[in-house]
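K.L.:
Got a structure for you, questions after.
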Amino acid sequence: MPILDQGYQHWDGKLTSRAFRWLAITRNGVKAQFKNRWLISTLIGALAPALLLAAFLALWGLFEQKSAILTPFLFLFQGLPEEISHGPKGFRATFWTLAFVQFFRIQMVFSFLLVMLVGPDLISQDLRFNALPLYLSRPLRRFDYFLGKFGVIAAFLLAVTLAPAVLAYGLGLAFSLDPATLTDTWRVLAASVAFSLVVAGSTGLLMLAFSSLSKNSRFVAAMWVAVWMFGGAAVESIRREGAEQWAPLASYSADLASVRDALFDSDAHWERLS
């Protein structure tokens, strides 16, 4: 049997930095997730709150300018107190803040659904098929593997939280036509960025921890649903015992809501509006 010597063949591929080796895992992981129809449906559904937020900020900007374009939508502003009707710019920060708070409140539902669809298979599937030796036989460190898997969850979460919030904020600035809008509302943008990173970081780490505990992805999904659903039931039972102050600590979603309200200082804005 002849031995064929092909000799040296130069590789013309593109070399990447060692710091970004994990991007290969994230990129391929994100592409693989788009084969899931439920995931695509959830992403499409998550567009609705983002569009509503952008529409509200645009309408509020036109309302501040008393624009004639707003005439078909005047019914939305009926019943407002005179202080707001005659001086809407004084309540700009309040309405912007509350609009973003409501946006993130709705997006948390889509975020939990996305994590349930994306996260369970990330590590449990590799454990089931013994794919870890194949990963580590490449020029990858364990940290690169972990960061690549974490990047898959973070990419989808930031796509439904941070990205639409920043785009809606920019659209609101464009429709306000007032340089003072940035001075009045920059805290809203900072709180949106901070809360989005908190959600992506904590949720991604928690799901990867669950995914590494079992080779059965269905069991991992059940654990995630238990943390999500039963946490609310635990909060209600603790409140019945009279421990109102400590009740939210029993629920992960309630903890995130507390972080959100603290970052946006929503209680103060609700009090001002009332």
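Labels used: A, B, ... for chains in the order of the structure tokens, numbers from 1 for residues in each chain, and numbers from 1 for ligands as shown.
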Using only C-alpha atoms, which protein or nucleic acid residues come within 10 Å of Ser266 (chain A)? Drop anything in the same chain fewer than 6 positions from it, and give the result as a list in words.

P.N.:
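Everything that qualifies: Thr94, Thr97, Leu98, Phe100, Val101, Arg260 and Arg272 of chain A.
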
K.L.:
Need to verify the contact set: Ala93 (chain A), 9 Å, only C-alpha atoms, exclusion of same-chain residues closer than 5 positions in sequence. Can you return it as number ranges by chain?

P.N.:
A: 98, 181, 184-185, 187-188, 269

K.L.:
Using DSSP secondary structure from the backbone, list all alpha helix (DSSP H) positions within region 161-267 of chain A, as number ranges by chain.

P.N.:
A: 162-176, 180-211, 217-240, 252-264, 266-267

K.L.:
What lies within 12 Å of region 221-225 of chain A using only C-alpha atoms, ignoring chain neighbours under 4 positions off, as a PyMOL selection string?

P.N.:
chain A and resi 109+112-122+124+203-204+206-217+229-232+252-253

K.L.:
Go through A:Leu263, A:Arg27, A:Tyr169, A:Ile123 and flag the residue nearest Ala54 (chain A), using only C-alpha atoms for the distances.

P.N.:
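For Ala54 (chain A), the nearest of the given residues is A:Tyr169.
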
K.L.:
Set the distance at 9 Å and use only C-alpha atoms: which residues neighbour Phe175 (chain A) once local chain neighbours fewer than 2 positions away are removed? I'd like the list as a list in words.

P.N.:
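So, after excluding close chain neighbours, the residues are Leu57, Ala58, Leu59, Trp60, Gly61, Leu62, Gly170, Leu171, Gly172, Leu173, Leu177 and Asp178 of chain A.
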
K.L.:
Please save N, CA, C and O atoms of the selected residues as a CSV table (one decimal), in the first residue's frame.

P.N.:
chain,number,residue,atom,x,y,z
A,57,LEU,N,-41.9,56.7,24.4
A,57,LEU,CA,-41.0,57.8,24.5
A,57,LEU,C,-41.1,58.8,23.3
A,57,LEU,O,-40.9,60.0,23.5
A,58,ALA,N,-41.4,58.3,22.1
A,58,ALA,CA,-41.6,59.1,21.0
A,58,ALA,C,-42.9,60.0,21.2
A,58,ALA,O,-42.8,61.2,20.9
A,59,LEU,N,-43.9,59.4,21.7
A,59,LEU,CA,-45.2,60.2,21.9
A,59,LEU,C,-44.9,61.3,23.0
A,59,LEU,O,-45.4,62.4,23.0
A,60,TRP,N,-44.2,60.9,24.1
A,60,TRP,CA,-43.9,61.8,25.1
A,60,TRP,C,-43.1,63.0,24.6
A,60,TRP,O,-43.3,64.2,25.0
A,61,GLY,N,-42.1,62.7,23.7
A,61,GLY,CA,-41.3,63.8,23.1
A,61,GLY,C,-42.2,64.8,22.3
A,61,GLY,O,-42.0,66.0,22.4
A,62,LEU,N,-43.2,64.2,21.6
A,62,LEU,CA,-44.1,65.1,20.8
A,62,LEU,C,-45.0,65.8,21.7
A,62,LEU,O,-45.4,67.0,21.5
A,170,GLY,N,-32.3,56.1,22.8
A,170,GLY,CA,-31.8,57.0,21.7
A,170,GLY,C,-33.0,57.5,20.9
A,170,GLY,O,-32.9,58.7,20.5
A,171,LEU,N,-34.0,56.7,20.7
A,171,LEU,CA,-35.2,57.2,19.9
A,171,LEU,C,-35.9,58.3,20.7
A,171,LEU,O,-36.4,59.3,20.2
A,172,GLY,N,-36.0,58.1,22.0
A,172,GLY,CA,-36.6,59.2,22.9
A,172,GLY,C,-35.8,60.5,22.8
A,172,GLY,O,-36.4,61.6,22.8
A,173,LEU,N,-34.5,60.4,22.8
A,173,LEU,CA,-33.7,61.6,22.7
A,173,LEU,C,-33.9,62.3,21.3
A,173,LEU,O,-34.0,63.5,21.3
A,177,LEU,N,-35.9,66.5,21.0
A,177,LEU,CA,-35.4,67.7,20.4
A,177,LEU,C,-35.0,68.7,21.5
A,177,LEU,O,-35.1,69.9,21.3
A,178,ASP,N,-34.5,68.3,22.6
A,178,ASP,CA,-34.2,69.1,23.7
A,178,ASP,C,-32.9,68.6,24.3
A,178,ASP,O,-32.8,67.5,24.8
